[in-house]
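Novice: Have a peek at query.txt (compact mmCIF, C-alpha atoms).
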```
# COMPACT_ATOMS: atom_id res chain seq x y z
CA MET R 1 59.91 4.19 -92.55
CA GLY R 2 63.70 4.18 -92.67
CA HIS R 3 66.15 1.35 -93.11
CA LYS R 4 65.35 -1.92 -91.31
CA LEU R 5 68.29 -3.96 -90.10
CA ARG R 6 68.54 -7.53 -91.34
CA GLY R 7 71.74 -9.22 -90.21
CA PRO R 8 72.90 -12.22 -92.29
CA LEU R 9 74.91 -15.21 -91.06
CA LEU R 10 78.56 -14.15 -90.73
CA GLU R 11 81.23 -16.85 -90.58
CA GLY R 12 84.84 -16.62 -89.43
CA GLU R 13 87.57 -19.08 -88.48
CA SER R 14 86.86 -19.21 -84.74
CA VAL R 15 83.37 -17.72 -84.47
CA ARG R 16 80.14 -17.88 -86.42
CA LEU R 17 77.61 -15.11 -85.91
CA GLU R 18 74.17 -16.67 -86.23
CA PRO R 19 70.97 -14.62 -86.13
CA LEU R 20 69.72 -15.01 -82.57
CA ALA R 21 66.99 -17.63 -82.10
CA ALA R 22 65.27 -19.58 -79.34
CA ARG R 23 67.49 -22.59 -80.13
CA HIS R 24 70.45 -20.70 -78.65
CA ALA R 25 68.82 -20.45 -75.22
CA ALA R 26 70.42 -23.48 -73.53
CA ASP R 27 73.94 -22.56 -74.65
CA LEU R 28 73.53 -18.93 -73.67
CA ALA R 29 72.14 -19.90 -70.27
CA ALA R 30 75.29 -21.96 -69.61
CA ALA R 31 77.55 -19.20 -70.98
CA ALA R 32 75.92 -16.54 -68.82
CA GLU R 33 76.45 -18.54 -65.63
CA GLU R 34 80.21 -18.81 -65.96
CA GLU R 35 82.26 -16.35 -63.89
CA ARG R 36 80.28 -13.11 -63.90
CA ASP R 37 82.86 -10.75 -62.40
CA THR R 38 83.36 -8.98 -65.75
CA TYR R 39 79.66 -8.14 -66.14
CA ALA R 40 79.42 -5.34 -63.56
CA PHE R 41 78.30 -2.73 -66.13
CA THR R 42 76.93 -5.01 -68.87
CA TRP R 43 73.44 -6.37 -69.52
CA VAL R 44 73.91 -10.16 -69.26
CA PRO R 45 70.90 -12.31 -68.31
CA ARG R 46 70.97 -14.99 -65.64
CA ALA R 47 70.24 -18.52 -66.84
CA ASP R 48 66.56 -18.31 -65.94
CA GLU R 49 66.27 -14.98 -67.75
CA VAL R 50 67.72 -16.10 -71.10
CA ALA R 51 64.41 -17.09 -72.70
CA GLY R 52 62.98 -13.67 -71.87
CA TYR R 53 66.20 -11.99 -73.02
CA ILE R 54 65.97 -13.68 -76.42
CA GLU R 55 62.28 -12.83 -76.70
CA ALA R 56 63.01 -9.17 -75.92
CA GLN R 57 65.81 -9.02 -78.48
CA LEU R 58 63.62 -10.59 -81.15
CA GLU R 59 60.88 -8.09 -80.33
CA ARG R 60 63.38 -5.27 -80.88
CA ALA R 61 64.45 -6.96 -84.10
CA SER R 62 60.87 -6.90 -85.36
CA THR R 63 61.00 -3.10 -85.35
CA GLY R 64 64.00 -3.12 -87.72
CA ARG R 65 66.20 -1.26 -85.22
CA LEU R 66 68.16 -4.31 -84.06
CA ALA R 67 69.78 -7.33 -85.71
CA PRO R 68 70.80 -9.63 -82.82
CA TYR R 69 73.32 -12.45 -83.06
CA ALA R 70 74.49 -15.44 -81.07
CA GLN R 71 78.28 -15.74 -81.05
CA VAL R 72 78.90 -19.44 -81.75
CA SER R 73 82.27 -21.09 -81.19
CA ARG R 74 83.41 -22.92 -84.32
CA ALA R 75 85.39 -25.33 -82.13
CA THR R 76 82.40 -26.59 -80.16
CA GLY R 77 79.32 -25.44 -82.05
CA ARG R 78 78.01 -23.84 -78.85
CA ALA R 79 76.81 -20.27 -78.43
CA VAL R 80 79.22 -18.45 -76.10
CA GLY R 81 77.70 -14.97 -76.11
CA ALA R 82 75.68 -12.42 -78.01
CA THR R 83 76.10 -9.22 -80.01
CA ALA R 84 74.05 -7.10 -82.40
CA TYR R 85 73.78 -4.37 -84.96
CA TRP R 86 71.73 -1.55 -83.46
CA GLU R 87 70.32 1.91 -84.19
CA PRO R 88 70.44 2.22 -88.00
CA ARG R 89 70.68 5.82 -89.17
CA CYS R 90 69.87 7.12 -92.63
CA TRP R 91 70.95 10.67 -93.44
CA HIS R 92 70.71 10.80 -97.23
CA THR R 93 67.63 8.75 -98.07
CA ASP R 94 65.36 6.47 -96.04
CA ASP R 95 66.63 3.31 -97.73
CA ARG R 96 70.38 4.05 -97.58
CA LEU R 97 72.11 3.02 -94.36
CA ASP R 98 74.72 5.62 -93.37
CA ALA R 99 75.64 4.60 -89.83
CA VAL R 100 75.01 1.77 -87.39
CA GLU R 101 76.03 0.80 -83.88
CA VAL R 102 77.53 -2.51 -82.77
CA GLY R 103 76.38 -3.30 -79.26
CA PHE R 104 74.52 -5.61 -76.85
CA THR R 105 77.79 -7.57 -76.73
CA TRP R 106 78.76 -10.10 -74.08
CA LEU R 107 80.85 -13.26 -73.93
CA ALA R 108 81.16 -16.17 -71.54
CA ARG R 109 84.20 -15.82 -69.29
CA SER R 110 85.87 -18.80 -71.00
CA ALA R 111 85.53 -17.10 -74.42
CA GLN R 112 87.07 -13.82 -73.32
CA GLY R 113 90.67 -13.31 -74.42
CA THR R 114 90.46 -16.08 -77.03
CA GLY R 115 90.10 -13.91 -80.14
CA VAL R 116 86.35 -14.47 -80.48
CA ASN R 117 85.61 -10.80 -79.77
CA ALA R 118 88.21 -9.56 -82.26
CA GLU R 119 86.98 -11.82 -85.06
CA ALA R 120 83.32 -11.07 -84.35
CA LYS R 121 84.07 -7.35 -84.62
CA LEU R 122 85.99 -7.95 -87.87
CA LEU R 123 82.97 -9.76 -89.34
CA LEU R 124 80.49 -7.11 -88.19
CA PHE R 125 82.58 -4.13 -89.25
CA ARG R 126 83.47 -5.66 -92.62
CA HIS R 127 79.85 -6.35 -93.47
CA ALA R 128 78.77 -2.88 -92.36
CA PHE R 129 81.44 -1.02 -94.33
CA GLU R 130 81.88 -3.28 -97.37
CA VAL R 131 78.38 -4.64 -97.96
CA TRP R 132 76.08 -2.00 -96.50
CA GLY R 133 78.46 0.84 -97.32
CA VAL R 134 78.07 2.73 -94.06
CA SER R 135 80.10 5.85 -93.32
CA ARG R 136 80.42 5.14 -89.60
CA VAL R 137 80.14 2.37 -87.00
CA ASP R 138 79.53 3.34 -83.36
CA LEU R 139 80.31 1.52 -80.14
CA LYS R 140 79.57 2.66 -76.61
CA THR R 141 79.90 1.48 -73.04
CA ASP R 142 79.46 2.66 -69.47
CA ALA R 143 82.13 5.32 -68.96
CA ARG R 144 83.23 3.52 -65.77
CA ASN R 145 83.79 0.21 -67.57
CA SER R 146 87.54 0.30 -68.12
CA ARG R 147 87.64 -3.34 -69.27
CA SER R 148 85.07 -2.73 -72.00
CA ARG R 149 86.69 0.52 -73.05
CA ALA R 150 90.04 -1.24 -73.45
CA ALA R 151 88.40 -4.01 -75.50
CA ILE R 152 86.74 -1.47 -77.80
CA GLU R 153 89.99 0.42 -78.30
CA SER R 154 91.79 -2.87 -79.01
CA VAL R 155 89.67 -3.43 -82.14
CA GLY R 156 90.66 -0.05 -83.55
CA ALA R 157 87.78 2.23 -82.56
CA ARG R 158 88.53 5.84 -81.67
CA PHE R 159 87.33 7.38 -78.41
CA GLU R 160 85.18 10.45 -79.04
CA GLY R 161 84.13 11.49 -75.57
CA VAL R 162 81.64 10.89 -72.78
CA LEU R 163 77.94 11.70 -73.10
CA ARG R 164 76.45 12.34 -69.68
CA ASN R 165 73.20 10.67 -68.58
CA TRP R 166 73.07 9.07 -72.01
CA SER R 167 71.35 5.75 -71.34
CA ARG R 168 70.12 3.50 -68.57
CA SER R 169 72.62 1.95 -66.19
CA TRP R 170 73.00 -1.83 -66.07
CA ALA R 171 75.10 -1.78 -62.90
CA PRO R 172 73.59 -3.70 -59.96
CA GLY R 173 71.53 -1.42 -57.74
CA GLU R 174 71.29 1.31 -60.39
CA GLU R 175 68.12 0.13 -62.14
CA ASP R 176 66.51 3.58 -61.95
CA ARG R 177 69.61 5.59 -62.83
CA LEU R 178 71.12 6.84 -66.06
CA ARG R 179 74.76 6.27 -66.89
CA ASP R 180 77.44 8.31 -68.60
CA SER R 181 78.42 6.59 -71.86
CA ALA R 182 81.86 6.52 -73.44
CA ILE R 183 81.42 6.84 -77.22
CA PHE R 184 83.74 5.27 -79.81
CA SER R 185 83.58 5.08 -83.60
CA ILE R 186 85.25 3.89 -86.78
CA THR R 187 84.71 5.88 -89.98
CA GLU R 188 84.87 4.68 -93.56
CA GLN R 189 88.17 6.53 -93.99
CA GLU R 190 89.64 4.67 -91.02
CA TRP R 191 88.25 1.28 -91.94
CA PRO R 192 91.07 0.03 -94.26
CA ARG R 193 93.69 0.57 -91.53
CA CYS R 194 91.37 -0.80 -88.87
CA ARG R 195 90.65 -3.87 -90.98
CA GLU R 196 94.37 -4.56 -91.44
CA ARG R 197 94.92 -4.21 -87.71
CA LEU R 198 92.03 -6.52 -86.87
CA GLU R 199 93.07 -9.14 -89.42
CA LYS R 200 96.55 -9.27 -87.90
CA ARG R 201 95.08 -9.49 -84.41
CA VAL R 202 92.76 -12.33 -85.38
CA ALA R 203 95.55 -14.18 -87.17
CA GLY R 204 97.67 -13.92 -84.05
CA PHE R 205 95.00 -15.61 -81.96
CA LEU R 206 94.46 -18.35 -84.55
CA THR R 207 98.16 -19.29 -84.59
CA ARG R 208 98.53 -19.51 -80.81
CA PRO R 209 99.23 -23.16 -79.94
CA GLN R 210 97.74 -22.76 -76.48
CA ALA R 211 94.77 -20.62 -77.55
CA ARG R 212 91.71 -21.47 -75.47
CA GLN R 213 88.69 -22.71 -77.33
CA SER R 214 85.16 -22.24 -76.04
```
In structure tokens, how does this file's structure come out?

Specialist:
Amino acid sequence: MGHKLRGPLLEGESVRLEPLAARHAADLAAAAEEERDTYAFTWVPRADEVAGYIEAQLERASTGRLAPYAQVSRATGRAVGATAYWEPRCWHTDDRLDAVEVGFTWLARSAQGTGVNAEAKLLLFRHAFEVWGVSRVDLKTDARNSRSRAAIESVGARFEGVLRNWSRSWAPGEEDRLRDSAIFSITEQEWPRCRERLEKRVAGFLTRPQARQS
């Protein structure tokens, strides 16, 4: 059977990670239709696709392999993006979670660069390492996506290499192609230093007088 992911509500200062639900559809539809120039390699639904997107994510969640979240701005109470725990792996026993991926992440253009991503990652990583006791958290992105790679490195993950033809491409016009994926990770040994780095990064955003709120 293996471990089934069940993601709890995770609350920070600027973002609240709520288990994804149909009630988030209107907010996510608005968020997804902001400037889309940063989504070239990322799966982000159009407004009229959001209901189906949520349904598909909840179907994946029913298998226990995915725990999807809406990223909700604390300032406005609106959902400004999505993220998820994904691909639980159990190496010792079926009921002990040893590794998990954080993925399916996107943010509205107005929420990018505001600290929401950094705090969301802090909440997800902290729960994975300190509550579930995982040994490793993975992150991956299209190897061509320099913006995403920089964002992943900024939260303290280490680049491990590129796996060729690793997963489907989300780039426009590449629906039938596979992509090369850049793989990143944080291990349990690295987590204390990574946590300190992320906490300082989040605190820096929270103290900015001109910080944008979404």

Novice: For atom CA of Ala61 of chain R and atom CA of Leu5 of chain R, quote the distance in Å rounded to one decimal.

Specialist: 7.7 Å

Novice: Looking at R:Val44, R:Leu10, R:Ala25, R:Ala70, which one is nearest to Pro172 of chain R, with distances taken over all atoms listed in the file?

Specialist: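 Among the listed residues, R:Val44 lies closest to Pro172 of chain R.
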
Novice: Please identify all polymer residues within 10 Å of Ala51 of chain R, counting all atoms listed in the file, omitting same-chain residues fewer than 3 positions from it, and present them as JSON, numbers by chain.

Specialist: {"R": [21, 22, 23, 24, 25, 26, 28, 29, 45, 46, 47, 48, 54, 55, 56]}

Novice: Which is closer to Leu17 of chain R than all the others in R:Val100, R:Val80, R:Cys90, R:Val134, using only C-alpha atoms?

Specialist: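 Ranked by minimum distance to Leu17 of chain R, first place goes to R:Val80.
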
Novice: One decimal, Å: what's the distance from atom CA of Leu198 of chain R over to atom CA of Gly12 of chain R, could you say?

Specialist: 12.7 Å

Novice: For Arg168 of chain R, work out the shell of residues within 8 Å, counting only C-alpha atoms and skipping chain neighbours fewer than 4 positions away, then give it as an MDAnalysis selection string.

Specialist: chainID R and resid 175:179

Novice: Separation of atom CA of Gly103 of chain R and atom CA of Val162 of chain R, in Å?

Specialist: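 Computing the Euclidean distance for atom CA of Gly103 of chain R and atom CA of Val162 of chain R yields 16.5 Å.
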
Novice: Nearest residue to His3 of chain R out of R:Gly52, R:Pro19, R:Gly115, R:Gly64, using only C-alpha atoms?

Specialist: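 So, comparing all the options, the nearest one is R:Gly64.
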
Novice: Out of R:Leu97, R:Ala120, R:Ala40, R:Trp166, which residue has the shortest atom-to-atom distance to Thr83 of chain R when counting all atoms listed in the file?

Specialist: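 For Thr83 of chain R, the nearest of the given residues is R:Ala120.
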